[in-house]
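Q: Input input16.cif, format and content: mmCIF, C-alpha atoms.
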data_query
#
loop_
_atom_site.group_PDB
_atom_site.id
_atom_site.type_symbol
_atom_site.label_atom_id
_atom_site.label_comp_id
_atom_site.auth_asym_id
_atom_site.auth_seq_id
_atom_site.Cartn_x
_atom_site.Cartn_y
_atom_site.Cartn_z
ATOM 1 C CA MET Y 1 3.586 -9.257 49.667
ATOM 2 C CA ARG Y 2 5.320 -8.991 46.310
ATOM 3 C CA LYS Y 3 3.394 -7.642 43.330
ATOM 4 C CA LYS Y 4 3.360 -9.442 40.035
ATOM 5 C CA GLY Y 5 6.088 -8.041 37.859
ATOM 6 C CA ARG Y 6 5.163 -5.728 35.036
ATOM 7 C CA TRP Y 7 7.124 -7.830 32.577
ATOM 8 C CA TRP Y 8 4.563 -10.634 32.933
ATOM 9 C CA ASP Y 9 1.692 -8.249 32.277
ATOM 10 C CA ARG Y 10 3.532 -6.957 29.226
ATOM 11 C CA ILE Y 11 4.025 -10.512 27.899
ATOM 12 C CA ILE Y 12 0.359 -11.364 28.392
ATOM 13 C CA CYS Y 13 -0.760 -8.165 26.652
ATOM 14 C CA ASN Y 14 1.766 -8.745 23.910
ATOM 15 C CA MET Y 15 0.582 -12.343 23.475
ATOM 16 C CA GLU Y 16 -3.021 -11.178 23.203
ATOM 17 C CA ASN Y 17 -1.907 -8.581 20.665
ATOM 18 C CA VAL Y 18 -0.198 -11.261 18.582
ATOM 19 C CA LEU Y 19 -3.205 -13.566 18.745
ATOM 20 C CA GLN Y 20 -5.564 -10.770 17.702
ATOM 21 C CA ASN Y 21 -3.459 -9.251 14.934
ATOM 22 C CA LEU Y 22 -1.835 -12.189 13.133
ATOM 23 C CA ARG Y 23 -3.814 -13.114 10.059
ATOM 24 C CA LYS Y 24 -5.811 -16.306 10.621
ATOM 25 C CA SER Y 25 -5.025 -17.502 7.090
ATOM 26 C CA ILE Y 26 -1.387 -18.069 8.075
ATOM 27 C CA PHE Y 27 -2.484 -20.748 10.523
ATOM 28 C CA TRP Y 28 -5.360 -22.159 8.507
ATOM 29 C CA ASP Y 29 -4.644 -25.741 9.615
ATOM 30 C CA VAL Y 30 -4.076 -25.216 13.355
ATOM 31 C CA GLU Y 31 -5.681 -23.181 16.099
ATOM 32 C CA LEU Y 32 -3.266 -20.486 17.175
ATOM 33 C CA THR Y 33 -3.415 -20.123 20.961
ATOM 34 C CA ALA Y 34 -1.218 -18.717 23.704
ATOM 35 C CA SER Y 35 0.090 -22.205 24.406
ATOM 36 C CA THR Y 36 1.045 -22.625 20.736
ATOM 37 C CA LEU Y 37 3.092 -19.428 20.927
ATOM 38 C CA ARG Y 38 4.878 -20.720 24.043
ATOM 39 C CA LYS Y 39 5.326 -24.410 23.189
ATOM 40 C CA TYR Y 40 6.062 -24.233 19.454
ATOM 41 C CA PRO Y 41 7.872 -20.969 18.759
ATOM 42 C CA GLN Y 42 9.899 -22.408 15.870
ATOM 43 C CA PHE Y 43 6.738 -23.515 14.082
ATOM 44 C CA VAL Y 44 5.127 -20.100 14.582
ATOM 45 C CA ILE Y 45 8.226 -18.188 13.470
ATOM 46 C CA VAL Y 46 8.807 -20.232 10.319
ATOM 47 C CA ARG Y 47 5.128 -20.171 9.374
ATOM 48 C CA VAL Y 48 4.904 -16.386 9.759
ATOM 49 C CA PHE Y 49 8.093 -15.801 7.753
ATOM 50 C CA GLU Y 50 6.861 -18.134 4.998
ATOM 51 C CA ARG Y 51 3.223 -17.061 4.736
ATOM 52 C CA GLY Y 52 2.880 -13.736 6.494
ATOM 53 C CA ASP Y 53 3.209 -10.249 5.143
ATOM 54 C CA ILE Y 54 5.551 -7.586 6.470
ATOM 55 C CA SER Y 55 3.191 -6.526 9.275
ATOM 56 C CA ASP Y 56 2.926 -10.149 10.479
ATOM 57 C CA ILE Y 57 6.710 -10.479 10.444
ATOM 58 C CA ARG Y 58 7.128 -7.219 12.386
ATOM 59 C CA LEU Y 59 4.608 -8.384 14.961
ATOM 60 C CA ILE Y 60 6.352 -11.706 15.512
ATOM 61 C CA ARG Y 61 9.769 -9.995 15.675
ATOM 62 C CA ARG Y 62 8.496 -7.700 18.415
ATOM 63 C CA PHE Y 63 6.991 -10.621 20.303
ATOM 64 C CA TYR Y 64 9.927 -13.067 20.228
ATOM 65 C CA GLY Y 65 12.830 -10.696 19.594
ATOM 66 C CA ASP Y 66 15.474 -10.997 16.883
ATOM 67 C CA ALA Y 67 17.997 -12.935 18.988
ATOM 68 C CA PHE Y 68 15.451 -15.654 19.790
ATOM 69 C CA ILE Y 69 14.240 -15.794 16.184
ATOM 70 C CA LYS Y 70 17.804 -16.282 14.919
ATOM 71 C CA LYS Y 71 18.374 -19.091 17.384
ATOM 72 C CA GLU Y 72 15.142 -20.877 16.451
ATOM 73 C CA ILE Y 73 15.147 -20.388 12.697
ATOM 74 C CA VAL Y 74 18.604 -21.879 12.153
ATOM 75 C CA LYS Y 75 17.354 -25.084 13.850
ATOM 76 C CA ALA Y 76 14.354 -25.520 11.510
ATOM 77 C CA LYS Y 77 14.346 -28.751 9.511
ATOM 78 C CA TYR Y 78 12.792 -27.148 6.452
ATOM 79 C CA ILE Y 79 12.311 -23.585 5.251
ATOM 80 C CA GLU Y 80 11.015 -22.563 1.830
ATOM 81 C CA PRO Y 81 13.918 -21.468 -0.428
ATOM 82 C CA GLU Y 82 12.686 -17.862 -0.732
ATOM 83 C CA THR Y 83 12.237 -17.584 3.020
ATOM 84 C CA PHE Y 84 15.602 -19.206 3.612
ATOM 85 C CA ASN Y 85 17.366 -16.599 1.466
ATOM 86 C CA TYR Y 86 15.383 -13.714 2.971
ATOM 87 C CA VAL Y 87 16.118 -14.722 6.571
ATOM 88 C CA SER Y 88 19.771 -15.351 5.774
ATOM 89 C CA VAL Y 89 20.121 -11.835 4.371
ATOM 90 C CA ILE Y 90 18.113 -9.820 6.915
ATOM 91 C CA TYR Y 91 19.741 -11.527 9.905
ATOM 92 C CA ASN Y 92 23.171 -11.804 8.261
ATOM 93 C CA ILE Y 93 23.425 -15.532 8.998
ATOM 94 C CA PRO Y 94 25.636 -17.625 6.697
ATOM 95 C CA GLN Y 95 23.560 -20.230 4.877
ATOM 96 C CA LYS Y 96 25.841 -23.028 6.049
ATOM 97 C CA LYS Y 97 24.696 -22.441 9.637
ATOM 98 C CA PHE Y 98 21.101 -23.435 8.863
ATOM 99 C CA ARG Y 99 20.063 -26.992 9.657
ATOM 100 C CA CYS Y 100 17.862 -27.117 6.565
ATOM 101 C CA TYR Y 101 20.845 -26.178 4.380
ATOM 102 C CA LEU Y 102 22.984 -28.924 5.884
ATOM 103 C CA GLN Y 103 20.251 -31.510 5.358
ATOM 104 C CA THR Y 104 19.887 -30.715 1.658
ATOM 105 C CA GLN Y 105 23.623 -31.115 1.017
#
Represent the structure from my file as structure tokens, please.

A:
Amino acid sequence: MRKKGRWWDRIICNMENVLQNLRKSIFWDVELTASTLRKYPQFVIVRVFERGDISDIRLIRRFYGDAFIKKEIVKAKYIEPETFNYVSVIYNIPQKKFRCYLQTQ
């Protein structure tokens, strides 16, 4: 019989860590659950980058990974201007590649 892989245990522990350590004030209007993290990653990522502090951003970067964050954040319909500039610089993504930039033009 095959054992459950350790990667799944690590994801579950990591998910619990995220749920425990993200500030509740970031998600004041919704209940942040494990299913929210899985089903709506773009919403979670954008919300944390817009309203979280540096420790919240580090936590979400460890959870989703930078490659996944880049892929999701460029597809967002709207990002606050300050967040848009910050993400563009730290991930070295040209602003013209963002969906929100193309929609405002």

Q: Which residue is closest to Asn92 of chain Y? Choose from Y:Glu31, Y:Asp66, Y:Glu16, Y:Glu50 and count only C-alpha atoms.

A: Y:Asp66

Q: Write out as a VMD selection string each polymer residue whose atoms come within 9 Å of segment 87-91 of chain Y, counting all atoms listed in the file; drop sequence neighbours fewer than 6 positions from it.

A: chain Y and resid 49 66 70 73 98

Q: Enumerate, as a PyMOL selection string, the residues matched when the PyMOL selection byres ((chain Y and resi 51) around 10) is run on the file above.

A: chain Y and resi 23+25-27+46-50+52-54+56-57+80+83

Q: Please indicate the distance in Å from atom CA of Pro41 of chain Y to atom CA of Ser55 of chain Y, rounded to one decimal place.

A: 17.9 Å

Q: I need the residue nearest Leu59 of chain Y from this list: Y:Val30, Y:Val18, Y:Gln95, Y:Tyr78. Use only C-alpha atoms for the distance.

A: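 Among the listed residues, the smallest separation from Leu59 of chain Y belongs to Y:Val18.
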
Q: For Val44 of chain Y, which of Y:Ile60, Y:Asp29, Y:Lys24, Y:Lys77 is the closest residue, counting all atoms listed in the file?

A: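 Closest residue, counting all atoms listed in the file: Y:Ile60.
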
Q: Quick one: pull the distance between atom CA of Arg61 of chain Y and atom CA of Pro94 of chain Y, Å, one decimal.

A: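 Value for the atom CA of Arg61 of chain Y-atom CA of Pro94 of chain Y distance: 19.8 Å.
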
Q: Please compute the atom CA of Lys96 of chain Y-atom CA of Val74 of chain Y distance, one decimal, in Å.

A: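 Those two atoms sit 9.5 Å apart.
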
Q: Y:Ile45, Y:Cys100, Y:Met15, Y:Leu22: which is nearest Ala76 of chain Y, counting all atoms listed in the file?

A: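 That would be Y:Cys100, the residue with the smallest distance to Ala76 of chain Y.
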
Q: Might I get the box with edges along x, y and z of the file that holds all atoms of segment 37-48 of chain Y listed there, padded by 8 Å on every side, given as centre and edge lengths in Å to one decimal, as JSON?

A:
{"center_x": 6.5, "center_y": -20.4, "center_z": 16.7, "size_x": 22.8, "size_y": 24.0, "size_z": 30.7}
